[in-house]
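A.B. asks: What follows is the file final38.tsv, containing TSV, C-alpha atoms and all ligand atoms:
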chain	number	residue	atom	x	y	z
O	1	MET	CA	-12.15	3.19	8.92
O	2	ILE	CA	-9.46	5.84	8.48
O	3	GLU	CA	-10.04	9.44	9.51
O	4	ILE	CA	-7.47	12.09	8.60
O	5	GLN	CA	-7.88	15.73	9.56
O	6	LYS	CA	-5.69	18.74	8.74
O	7	LEU	CA	-2.65	16.51	8.32
O	8	THR	CA	0.64	18.26	7.62
O	9	LYS	CA	4.19	16.97	7.31
O	10	GLN	CA	7.21	19.19	7.17
O	11	ALA	CA	10.77	18.00	6.50
O	12	ASP	CA	13.86	20.14	5.94
O	13	ASN	CA	11.73	23.30	5.92
O	14	LYS	CA	9.64	21.87	3.12
O	15	LEU	CA	5.94	21.35	3.59
O	16	ILE	CA	5.34	17.93	2.03
O	17	LEU	CA	1.74	17.47	3.18
O	18	ARG	CA	-0.27	20.69	3.39
O	19	GLY	CA	-3.46	19.97	5.25
O	20	VAL	CA	-4.92	16.67	4.11
O	21	ASP	CA	-8.50	15.84	5.10
O	22	LEU	CA	-9.64	12.36	4.17
O	23	SER	CA	-12.11	9.81	5.39
O	24	ILE	CA	-12.04	6.22	4.20
O	25	LYS	CA	-14.73	3.70	5.04
O	26	LYS	CA	-14.12	0.08	5.93
O	27	GLY	CA	-14.02	-2.06	2.80
O	28	GLU	CA	-13.19	0.74	0.38
O	29	THR	CA	-10.47	0.26	-2.23
O	30	VAL	CA	-8.92	3.63	-2.87
O	31	ALA	CA	-6.26	4.62	-5.42
O	32	ILE	CA	-3.99	7.58	-4.72
O	33	LEU	CA	-2.78	9.18	-7.94
O	34	GLY	CA	-0.53	12.19	-8.44
O	35	PRO	CA	2.72	13.38	-9.99
O	36	ASN	CA	6.20	12.49	-8.69
O	37	GLY	CA	6.99	14.31	-5.45
O	38	ALA	CA	3.34	15.10	-4.68
O	39	GLY	CA	3.51	13.53	-1.20
O	40	LYS	CA	1.76	10.19	-1.86
O	41	SER	CA	4.41	7.94	-0.29
O	42	THR	CA	4.74	10.37	2.62
O	43	LEU	CA	1.01	10.09	3.27
O	44	LEU	CA	1.26	6.28	3.29
O	45	LYS	CA	4.29	6.37	5.61
O	46	VAL	CA	2.37	8.53	8.08
O	47	LEU	CA	-0.52	6.07	7.99
O	48	ALA	CA	1.89	3.14	8.45
O	49	ALA	CA	3.22	4.95	11.55
O	50	LEU	CA	6.73	5.02	10.09
O	51	ILE	CA	7.01	8.79	10.26
O	52	LYS	CA	5.31	11.26	12.55
O	53	PRO	CA	3.08	13.97	11.14
O	54	THR	CA	3.95	17.57	11.96
O	55	SER	CA	0.34	18.38	12.84
O	56	GLY	CA	-3.15	17.07	12.36
O	57	MET	CA	-5.06	14.01	13.43
O	58	VAL	CA	-5.11	10.43	12.15
O	59	LYS	CA	-7.52	7.85	13.51
O	60	VAL	CA	-7.68	4.20	12.48
O	61	ASN	CA	-10.75	2.26	13.63
O	62	GLY	CA	-11.40	5.04	16.11
O	63	LEU	CA	-7.90	4.78	17.61
O	64	ASP	CA	-5.59	7.78	17.59
O	65	LEU	CA	-2.39	6.96	15.68
O	66	LYS	CA	-0.33	9.05	18.10
O	67	LYS	CA	-1.36	7.01	21.11
O	68	ASN	CA	-2.08	3.55	19.73
O	69	GLN	CA	0.70	2.88	17.23
O	70	THR	CA	1.41	-0.69	18.31
O	71	GLU	CA	-2.23	-1.73	18.16
O	72	ILE	CA	-2.76	-0.05	14.80
O	73	LYS	CA	0.39	-1.52	13.25
O	74	LYS	CA	-0.96	-5.04	13.91
O	75	ILE	CA	-3.89	-4.52	11.57
O	76	LEU	CA	-1.87	-2.82	8.82
O	77	GLY	CA	-0.17	-4.44	5.86
O	78	TYR	CA	2.35	-2.04	4.30
O	79	LEU	CA	4.10	-2.54	0.98
O	80	PRO	CA	6.66	0.26	0.48
O	81	HIS	CA	8.83	1.07	-2.55
O	82	SER	CA	11.58	-1.10	-1.05
O	83	SER	CA	10.81	-4.76	-0.40
O	84	LEU	CA	11.77	-4.97	3.32
O	85	LEU	CA	13.01	-8.51	2.62
O	86	TYR	CA	16.24	-9.93	4.00
O	87	ASP	CA	18.53	-10.62	1.07
O	88	HIS	CA	20.21	-13.71	2.41
O	89	TYR	CA	16.94	-15.29	3.53
O	90	SER	CA	14.74	-17.40	1.30
O	91	PRO	CA	11.07	-16.51	0.69
O	92	LEU	CA	10.09	-19.10	3.31
O	93	GLU	CA	12.51	-17.69	5.91
O	94	ASN	CA	11.45	-14.11	5.19
O	95	LEU	CA	7.75	-14.89	5.47
O	96	VAL	CA	8.16	-17.00	8.60
O	97	PHE	CA	10.20	-14.19	10.17
O	98	TYR	CA	7.54	-11.54	9.45
O	99	GLY	CA	4.72	-13.94	10.30
O	100	ASN	CA	6.27	-14.49	13.72
O	101	VAL	CA	6.58	-10.73	14.27
O	102	TYR	CA	2.79	-10.57	13.85
O	103	GLY	CA	2.09	-13.75	15.83
O	104	VAL	CA	0.61	-15.61	12.84
O	105	GLN	CA	-0.65	-19.11	13.70
O	106	GLU	CA	0.76	-22.07	11.76
O	107	VAL	CA	3.15	-19.63	10.22
O	108	GLU	CA	5.19	-22.06	8.14
O	109	LYS	CA	2.08	-23.53	6.49
O	110	LYS	CA	0.78	-20.03	5.75
O	111	ALA	CA	4.17	-18.96	4.32
O	112	VAL	CA	4.36	-21.97	2.00
O	113	GLU	CA	0.77	-21.30	0.81
O	114	LEU	CA	1.54	-17.65	0.10
O	115	VAL	CA	4.71	-18.44	-1.83
O	116	LYS	CA	2.60	-20.85	-3.88
O	117	ASP	CA	-0.09	-18.17	-4.38
O	118	VAL	CA	2.47	-15.76	-5.81
O	119	GLY	CA	3.79	-18.49	-8.10
O	120	LEU	CA	7.26	-18.98	-6.64
O	121	SER	CA	7.06	-22.41	-4.98
O	122	PHE	CA	10.02	-23.55	-7.04
O	123	PHE	CA	12.16	-20.89	-5.33
O	124	LEU	CA	10.86	-21.46	-1.80
O	125	ASN	CA	14.32	-22.05	-0.33
O	126	GLU	CA	16.50	-19.88	-2.60
O	127	PRO	CA	17.98	-16.68	-1.13
O	128	VAL	CA	16.04	-13.69	-2.45
O	129	LYS	CA	19.29	-11.89	-3.35
O	130	ASN	CA	19.30	-13.90	-6.58
O	131	PHE	CA	15.74	-12.91	-7.48
O	132	SER	CA	14.62	-10.63	-10.30
O	133	ARG	CA	12.77	-7.39	-9.46
O	134	GLY	CA	9.37	-8.89	-10.24
O	135	MET	CA	10.09	-11.99	-8.14
O	136	ILE	CA	11.09	-9.79	-5.20
O	137	GLN	CA	7.91	-7.76	-5.60
O	138	ARG	CA	5.83	-10.97	-5.54
O	139	ILE	CA	7.42	-12.03	-2.25
O	140	ALA	CA	7.13	-8.50	-0.87
O	141	ILE	CA	3.37	-8.65	-1.54
O	142	ALA	CA	3.16	-11.99	0.28
O	143	ARG	CA	5.06	-10.42	3.19
O	144	ALA	CA	2.63	-7.51	3.38
O	145	ILE	CA	-0.41	-9.79	3.68
O	146	ILE	CA	0.90	-12.71	5.77
O	147	HIS	CA	-1.07	-11.55	8.84
O	148	ASP	CA	-4.36	-10.96	6.97
O	149	PRO	CA	-4.32	-7.20	7.60
O	150	GLU	CA	-7.57	-5.27	7.87
O	151	ILE	CA	-5.96	-2.32	6.12
O	152	LEU	CA	-3.59	-2.61	3.18
O	153	LEU	CA	-1.26	0.29	2.33
O	154	LEU	CA	0.34	-0.38	-1.04
O	155	ASP	CA	2.94	1.91	-2.60
O	156	GLU	CA	3.09	1.28	-6.35
O	157	PRO	CA	2.41	-2.43	-5.92
O	158	HIS	CA	2.20	-3.21	-9.66
O	159	THR	CA	5.69	-1.90	-10.42
O	160	GLY	CA	7.90	-4.59	-11.93
O	161	LEU	CA	5.18	-7.21	-12.13
O	162	ASP	CA	4.43	-9.22	-15.27
O	163	GLN	CA	0.84	-9.84	-16.40
O	164	GLY	CA	0.57	-13.05	-14.40
O	165	ALA	CA	1.72	-11.38	-11.21
O	166	ILE	CA	-0.61	-8.39	-11.80
O	167	THR	CA	-3.53	-10.81	-11.96
O	168	ILE	CA	-2.34	-12.53	-8.76
O	169	LEU	CA	-2.02	-9.19	-6.96
O	170	ASN	CA	-5.39	-7.88	-8.12
O	171	LYS	CA	-7.08	-11.12	-7.07
O	172	ALA	CA	-5.42	-10.89	-3.65
O	173	ILE	CA	-6.64	-7.30	-3.19
O	174	LEU	CA	-10.17	-8.20	-4.29
O	175	SER	CA	-10.36	-11.30	-2.11
O	176	MET	CA	-9.20	-9.26	0.88
O	177	LYS	CA	-11.88	-6.70	0.01
O	178	GLU	CA	-14.47	-9.48	0.11
O	179	LYS	CA	-13.32	-10.24	3.64
O	180	GLY	CA	-13.91	-6.58	4.54
O	181	ALA	CA	-10.36	-5.25	4.19
O	182	THR	CA	-9.69	-1.64	3.23
O	183	THR	CA	-7.01	-0.84	0.64
O	184	LEU	CA	-5.14	2.37	-0.07
O	185	MET	CA	-3.00	2.02	-3.14
O	186	VAL	CA	-0.57	4.61	-4.51
O	187	THR	CA	-0.15	4.07	-8.22
O	188	HIS	CA	0.82	5.66	-11.50
O	189	ASP	CA	-1.10	2.98	-13.35
O	190	PHE	CA	-4.55	4.37	-14.20
O	191	LYS	CA	-5.65	1.07	-15.70
O	192	GLN	CA	-5.02	-0.88	-12.49
O	193	ALA	CA	-6.59	1.93	-10.44
O	194	ALA	CA	-9.75	1.84	-12.55
O	195	GLU	CA	-9.88	-1.94	-12.53
O	196	ILE	CA	-9.68	-2.62	-8.82
O	197	CYS	CA	-10.53	0.59	-7.01
O	198	ASP	CA	-13.92	2.07	-6.25
O	199	ARG	CA	-12.61	5.50	-5.37
O	200	ILE	CA	-9.80	7.69	-6.71
O	201	ILE	CA	-7.94	10.44	-4.89
O	202	ILE	CA	-5.58	12.82	-6.66
O	203	VAL	CA	-2.75	14.42	-4.68
O	204	LYS	CA	-0.79	17.39	-5.94
O	205	ASN	CA	1.71	19.55	-4.02
O	206	GLY	CA	0.82	17.87	-0.74
O	207	LYS	CA	-2.91	18.47	-1.07
O	208	LEU	CA	-5.95	16.50	-2.19
O	209	VAL	CA	-7.14	18.08	-5.41
O	210	ASP	CA	-9.79	15.53	-6.38
O	211	ASP	CA	-11.71	12.70	-4.78
O	212	PHE	CA	-14.33	10.72	-6.69
O	213	HIS	CA	-15.99	7.33	-6.93
O	214	ILE	CA	-15.73	5.26	-10.07
O	215	SER	CA	-17.67	2.30	-11.29
O	216	ASP	CA	-17.54	-0.01	-14.29
O	217	GLN	CA	-13.79	0.30	-14.61
O	218	ALA	CA	-14.15	3.82	-16.00
O	219	LEU	CA	-10.56	4.33	-17.12
O	220	SER	CA	-11.33	7.31	-19.35
O	221	ILE	CA	-12.82	9.23	-16.41
O	222	VAL	CA	-9.65	8.71	-14.37
O	223	ALA	CA	-7.47	9.97	-17.23
O	224	GLN	CA	-9.73	13.00	-17.82
O	225	LYS	CA	-9.82	14.05	-14.17
O	226	TYR	CA	-6.05	13.58	-13.82
O	227	GLU	CA	-5.38	15.69	-16.85
O	228	LEU	CA	-7.67	18.41	-15.55
O	229	GLN	CA	-6.11	18.52	-12.06
O	230	VAL	CA	-2.48	17.73	-12.76
O	231	GLU	CA	-1.54	18.29	-16.36
O	232	GLY	CA	-3.82	21.25	-16.94
O	233	ALA	CA	-3.57	24.04	-14.36
O	234	SER	CA	-0.21	24.15	-12.61
A	1	LIG	N1	12.62	12.75	4.76
A	1	LIG	C1	12.47	13.73	3.87
A	1	LIG	N2	13.16	14.88	4.00
A	1	LIG	C2	13.02	15.88	3.10
A	1	LIG	N3	12.18	15.83	2.05
A	1	LIG	C3	11.48	14.73	1.88
A	1	LIG	C4	11.57	13.61	2.77
A	1	LIG	N4	10.74	12.64	2.33
A	1	LIG	C5	10.16	13.13	1.22
A	1	LIG	N5	10.60	14.36	0.94
A	1	LIG	C6	10.16	15.22	-0.18
A	1	LIG	O1	8.76	15.26	-0.14
A	1	LIG	C7	8.21	15.29	-1.45
A	1	LIG	C8	7.18	14.19	-1.59
A	1	LIG	O2	7.82	12.93	-1.54
A	1	LIG	P1	7.00	11.58	-1.72
A	1	LIG	O3	8.00	10.47	-1.69
A	1	LIG	O4	5.90	11.53	-0.72
A	1	LIG	O5	6.40	11.76	-3.18
A	1	LIG	P2	5.51	10.77	-4.08
A	1	LIG	O6	4.23	11.48	-4.36
A	1	LIG	O7	5.44	9.43	-3.44
A	1	LIG	O8	6.36	10.71	-5.42
A	1	LIG	P3	6.67	9.49	-6.45
A	1	LIG	O9	5.51	9.41	-7.39
A	1	LIG	O10	7.91	9.95	-7.16
A	1	LIG	O11	6.93	8.25	-5.66
A	1	LIG	C9	9.40	15.19	-2.39
A	1	LIG	O12	9.70	16.47	-2.85
A	1	LIG	C10	10.51	14.66	-1.53
A	1	LIG	O13	11.76	15.12	-1.95
A	2	MG	MG	6.22	7.58	-3.94
Can the structure from this file be put into structure tokens for me?
C.D. replies:
Amino acid sequence: MIEIQKLTKQADNKLILRGVDLSIKKGETVAILGPNGAGKSTLLKVLAALIKPTSGMVKVNGLDLKKNQTEIKKILGYLPHSSLLYDHYSPLENLVFYGNVYGVQEVEKKAVELVKDVGLSFFLNEPVKNFSRGMIQRIAIARAIIHDPEILLLDEPHTGLDQGAITILNKAILSMKEKGATTLMVTHDFKQAAEICDRIIIVKNGKLVDDFHISDQALSIVAQKYELQVEGAS
């Protein structure tokens, strides 16, 4: 459960988030759409407790983000634009490192399983500096979920992935949903949003301009609403 009220974020005299109110229930899979520079990544960074909001309130599972950062961070899995991987480490070393940060049990076994799940077993011990963009993204996804987070914050997770990896990622999100996890996913990919999300939020100029539920992978509805809110009136 995520509760956001009157959230603002100002940086360099620019108001990036201008009063966001949003409530997300446990188990929801929510896509955040919006044009470049709308404030989507900033919103995710605030939720991931990486940057402080200027004003407003954020609660996660009833806990205030201002006061309970450490506790909240434990239940979050955050996949940013950048991979957060250590270049000279292999996938196994990276995952074991992050797993240990979160106190994951049988961390090496879990890391090996995850590398297998993302289809890179063959490269288990190769330094990630030699990896292609899509391979790095696959390992970055494994890193974000190594501690079975209750809440997944994904910033353009499908970027750079081939069809096989998209299927792997979508299955991972859906299987975490089955276990009760909540996902917030920033994306420019309407098709992926419609396929795996049950709710769509559109952000423009630091504000929520639309918020609706979708069913039956209603891609055309997403495109229509986006056009109306973003491409239409400006
Ligand atoms: N630390 C910062 N200092 C100043 N301005 C910032 C900072 N971080 C973000 N911004 C500005 O805030 C706005 C929103 O940025 P943000 O990265 O949240 O956009 P976005 O919606 O994720 O865009 P994209 O789709 O391109 O990833 C941009 O205009 C950006 O330049
Ligand atoms: Mg962004």
A.B. asks: Kindly provide, as a PyMOL selection string, all nucleotide and amino acid residues lying within 7 Å of ligand LIG 1 (chain A), counting all atoms listed in the file.
C.D. replies: chain O and resi 11-12+14+16+34-43
A.B. asks: What's the 6 Å shell around stretch 190-204 of chain O, counting only C-alpha atoms, without same-chain residues fewer than 2 positions away, as an mmCIF file with C-alpha atoms, keeping the file's coordinate frame?
C.D. replies:
data_model
loop_
_atom_site.group_PDB
_atom_site.id
_atom_site.type_symbol
_atom_site.label_atom_id
_atom_site.label_comp_id
_atom_site.auth_asym_id
_atom_site.auth_seq_id
_atom_site.Cartn_x
_atom_site.Cartn_y
_atom_site.Cartn_z
ATOM 1 C CA THR O 29 -10.470 0.260 -2.230
ATOM 2 C CA VAL O 30 -8.920 3.630 -2.870
ATOM 3 C CA ALA O 31 -6.260 4.620 -5.420
ATOM 4 C CA ILE O 32 -3.990 7.580 -4.720
ATOM 5 C CA LEU O 33 -2.780 9.180 -7.940
ATOM 6 C CA GLY O 34 -0.530 12.190 -8.440
ATOM 7 C CA ALA O 38 3.340 15.100 -4.680
ATOM 8 C CA GLY O 206 0.820 17.870 -0.740
ATOM 9 C CA LYS O 207 -2.910 18.470 -1.070
ATOM 10 C CA LEU O 208 -5.950 16.500 -2.190
ATOM 11 C CA VAL O 209 -7.140 18.080 -5.410
ATOM 12 C CA ASP O 210 -9.790 15.530 -6.380
ATOM 13 C CA ASP O 211 -11.710 12.700 -4.780
ATOM 14 C CA PHE O 212 -14.330 10.720 -6.690
ATOM 15 C CA HIS O 213 -15.990 7.330 -6.930
ATOM 16 C CA ILE O 214 -15.730 5.260 -10.070
ATOM 17 C CA GLN O 217 -13.790 0.300 -14.610
ATOM 18 C CA ALA O 218 -14.150 3.820 -16.000
ATOM 19 C CA LEU O 219 -10.560 4.330 -17.120
#
A.B. asks: Please determine, counting all atoms listed in the file, which residue among O:Leu7, O:Leu228, O:Val58, O:Ile173 has the shortest atom-to-atom distance to O:Asp148.
C.D. replies: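 Nearest to O:Asp148: O:Ile173.
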A.B. asks: Smallest atom-to-atom distance to O:Ala172: which of O:Asp87, O:Glu227, O:Asp117, O:Glu93, using only C-alpha atoms?
C.D. replies: O:Asp117
A.B. asks: When you look at stretch 128-145 of chain O with a cut-off of 6 Å (counting all atoms listed in the file), what residues show up, excluding the ones that are within fewer than 4 positions of it in the same chain? I need them as a PyMOL selection string.
C.D. replies: chain O and resi 77-79+83+87+90+95+114+118+160-161
A.B. asks: Leaving out O:His81 and any residue of its chain fewer than 5 positions from it, which residues lie within 9 Å of it when counting all atoms listed in the file, given as a list in words?
C.D. replies: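 After dropping sequence-adjacent residues, the list is Ser41, Leu154, Asp155, Glu156, Pro157 and Thr159 of chain O.
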A.B. asks: Quick check, in Å to one decimal: how far apart do atom CA of O:Lys179 and atom CA of O:Leu153 lie?
C.D. replies: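 If I compute the distance from atom CA of O:Lys179 to atom CA of O:Leu153, I get 16.1 Å.
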A.B. asks: Using the file's own x, y and z axes, what box holds all listed atoms of stretch 86-89 of chain O with 8 Å on each side, keeping edges along x, y and z, and what are its centre and edge lengths in Å to one decimal, as lines of an AutoDock Vina configuration file?
C.D. replies:
center_x = 18.2
center_y = -12.6
center_z = 2.5
size_x = 20.0
size_y = 21.4
size_z = 18.9
A.B. asks: Using all atoms listed in the file, find the one residue out of O:Thr167, O:Ile146, O:Leu124, O:Glu71 that sits nearest to O:Val107.
C.D. replies: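 Smallest separation from O:Val107 among the options: O:Ile146.
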A.B. asks: Could you check the closest approach to O:His147 for each of O:Asn61, O:Ser23, O:Ser82, O:Asn100 and tell me which residue wins, using all atoms listed in the file?
C.D. replies: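 Residue with the minimum atom-to-atom distance to O:His147: O:Asn100.
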A.B. asks: Rounded to one decimal in Å, what is the spacing between atom CA of O:Pro127 and atom CA of O:Val112?
C.D. replies: 14.9 Å
A.B. asks: Rounded to one decimal in Å, what is the spacing between atom CA of O:Gly99 and atom CA of O:Ile51?
C.D. replies: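 Spanning atom CA of O:Gly99 to atom CA of O:Ile51 is a straight-line distance of 22.8 Å.
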A.B. asks: Give me the residues near O:Lys52 as a PyMOL selection string, where near means some atom within 12 Å (using all atoms listed in the file) and where sequence neighbours in that chain fewer than 2 positions away do not count.
C.D. replies: chain O and resi 7-11+17+42-50+54-58+65-67+69
A.B. asks: For ligand MG 2 (chain A), which residue among O:Asp64, O:Asp162, O:Thr187, O:Ala181 is the nearest when counting all atoms listed in the file?
C.D. replies: O:Thr187
A.B. asks: Just checking: using all atoms listed in the file, which residue out of O:Pro80, O:Ser220, O:Pro53, O:Pro91 ends up closest to ligand MG 2 (chain A)?
C.D. replies: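 Checking each of O:Pro80, O:Ser220, O:Pro53, O:Pro91 against ligand MG 2 (chain A), counting all atoms listed in the file, the winner is O:Pro80.
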A.B. asks: Please return stretch 40-50 of chain O, rebuilt to all heavy atoms, as a tab-separated table (two decimals), keeping the file's coordinate frame.
C.D. replies:
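out01.tsv written:
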chain	number	residue	atom	x	y	z
O	40	LYS	N	2.55	11.43	-1.98
O	40	LYS	CA	1.76	10.19	-1.86
O	40	LYS	C	2.41	9.18	-0.91
O	40	LYS	O	1.77	8.65	-0.02
O	40	LYS	CB	1.56	9.54	-3.25
O	40	LYS	CG	0.98	10.48	-4.28
O	40	LYS	CD	0.84	9.81	-5.64
O	40	LYS	CE	2.14	9.34	-6.26
O	40	LYS	NZ	3.11	10.42	-6.59
O	41	SER	N	3.71	8.92	-1.14
O	41	SER	CA	4.41	7.94	-0.29
O	41	SER	C	4.50	8.46	1.14
O	41	SER	O	4.40	7.69	2.10
O	41	SER	CB	5.81	7.66	-0.82
O	41	SER	OG	5.73	7.02	-2.07
O	42	THR	N	4.68	9.77	1.28
O	42	THR	CA	4.74	10.37	2.62
O	42	THR	C	3.43	10.14	3.36
O	42	THR	O	3.42	9.77	4.54
O	42	THR	CB	5.05	11.88	2.50
O	42	THR	OG1	6.26	12.04	1.74
O	42	THR	CG2	5.22	12.53	3.85
O	43	LEU	N	2.31	10.31	2.66
O	43	LEU	CA	1.01	10.09	3.27
O	43	LEU	C	0.89	8.63	3.75
O	43	LEU	O	0.44	8.36	4.86
O	43	LEU	CB	-0.10	10.41	2.24
O	43	LEU	CG	-1.55	10.19	2.68
O	43	LEU	CD1	-1.89	11.04	3.91
O	43	LEU	CD2	-2.52	10.52	1.54
O	44	LEU	N	1.32	7.69	2.91
O	44	LEU	CA	1.26	6.28	3.29
O	44	LEU	C	2.16	5.98	4.48
O	44	LEU	O	1.79	5.22	5.38
O	44	LEU	CB	1.67	5.41	2.08
O	44	LEU	CG	0.62	4.40	1.61
O	44	LEU	CD1	-0.71	5.05	1.34
O	44	LEU	CD2	1.11	3.63	0.40
O	45	LYS	N	3.35	6.60	4.49
O	45	LYS	CA	4.29	6.37	5.61
O	45	LYS	C	3.72	6.90	6.93
O	45	LYS	O	3.92	6.29	7.97
O	45	LYS	CB	5.63	7.08	5.34
O	45	LYS	CG	6.52	6.29	4.40
O	45	LYS	CD	7.84	7.03	4.21
O	45	LYS	CE	8.48	6.61	2.91
O	45	LYS	NZ	9.44	7.57	2.40
O	46	VAL	N	3.02	8.02	6.86
O	46	VAL	CA	2.37	8.53	8.08
O	46	VAL	C	1.33	7.54	8.56
O	46	VAL	O	1.28	7.17	9.74
O	46	VAL	CB	1.72	9.92	7.84
O	46	VAL	CG1	0.83	10.32	9.01
O	46	VAL	CG2	2.78	10.99	7.59
O	47	LEU	N	0.52	7.03	7.62
O	47	LEU	CA	-0.52	6.07	7.99
O	47	LEU	C	0.08	4.77	8.54
O	47	LEU	O	-0.50	4.13	9.41
O	47	LEU	CB	-1.40	5.74	6.78
O	47	LEU	CG	-2.36	6.85	6.37
O	47	LEU	CD1	-3.06	6.49	5.08
O	47	LEU	CD2	-3.39	7.09	7.47
O	48	ALA	N	1.24	4.37	7.98
O	48	ALA	CA	1.89	3.14	8.45
O	48	ALA	C	2.65	3.36	9.76
O	48	ALA	O	3.32	2.46	10.25
O	48	ALA	CB	2.84	2.62	7.37
O	49	ALA	N	2.55	4.57	10.30
O	49	ALA	CA	3.22	4.95	11.55
O	49	ALA	C	4.74	4.83	11.46
O	49	ALA	O	5.42	4.54	12.43
O	49	ALA	CB	2.69	4.12	12.73
O	50	LEU	N	5.28	5.06	10.27
O	50	LEU	CA	6.73	5.02	10.09
O	50	LEU	C	7.33	6.40	10.29
O	50	LEU	O	8.49	6.54	10.65
O	50	LEU	CB	7.09	4.52	8.69
O	50	LEU	CG	6.85	3.05	8.46
O	50	LEU	CD1	7.21	2.68	7.05
O	50	LEU	CD2	7.68	2.22	9.43
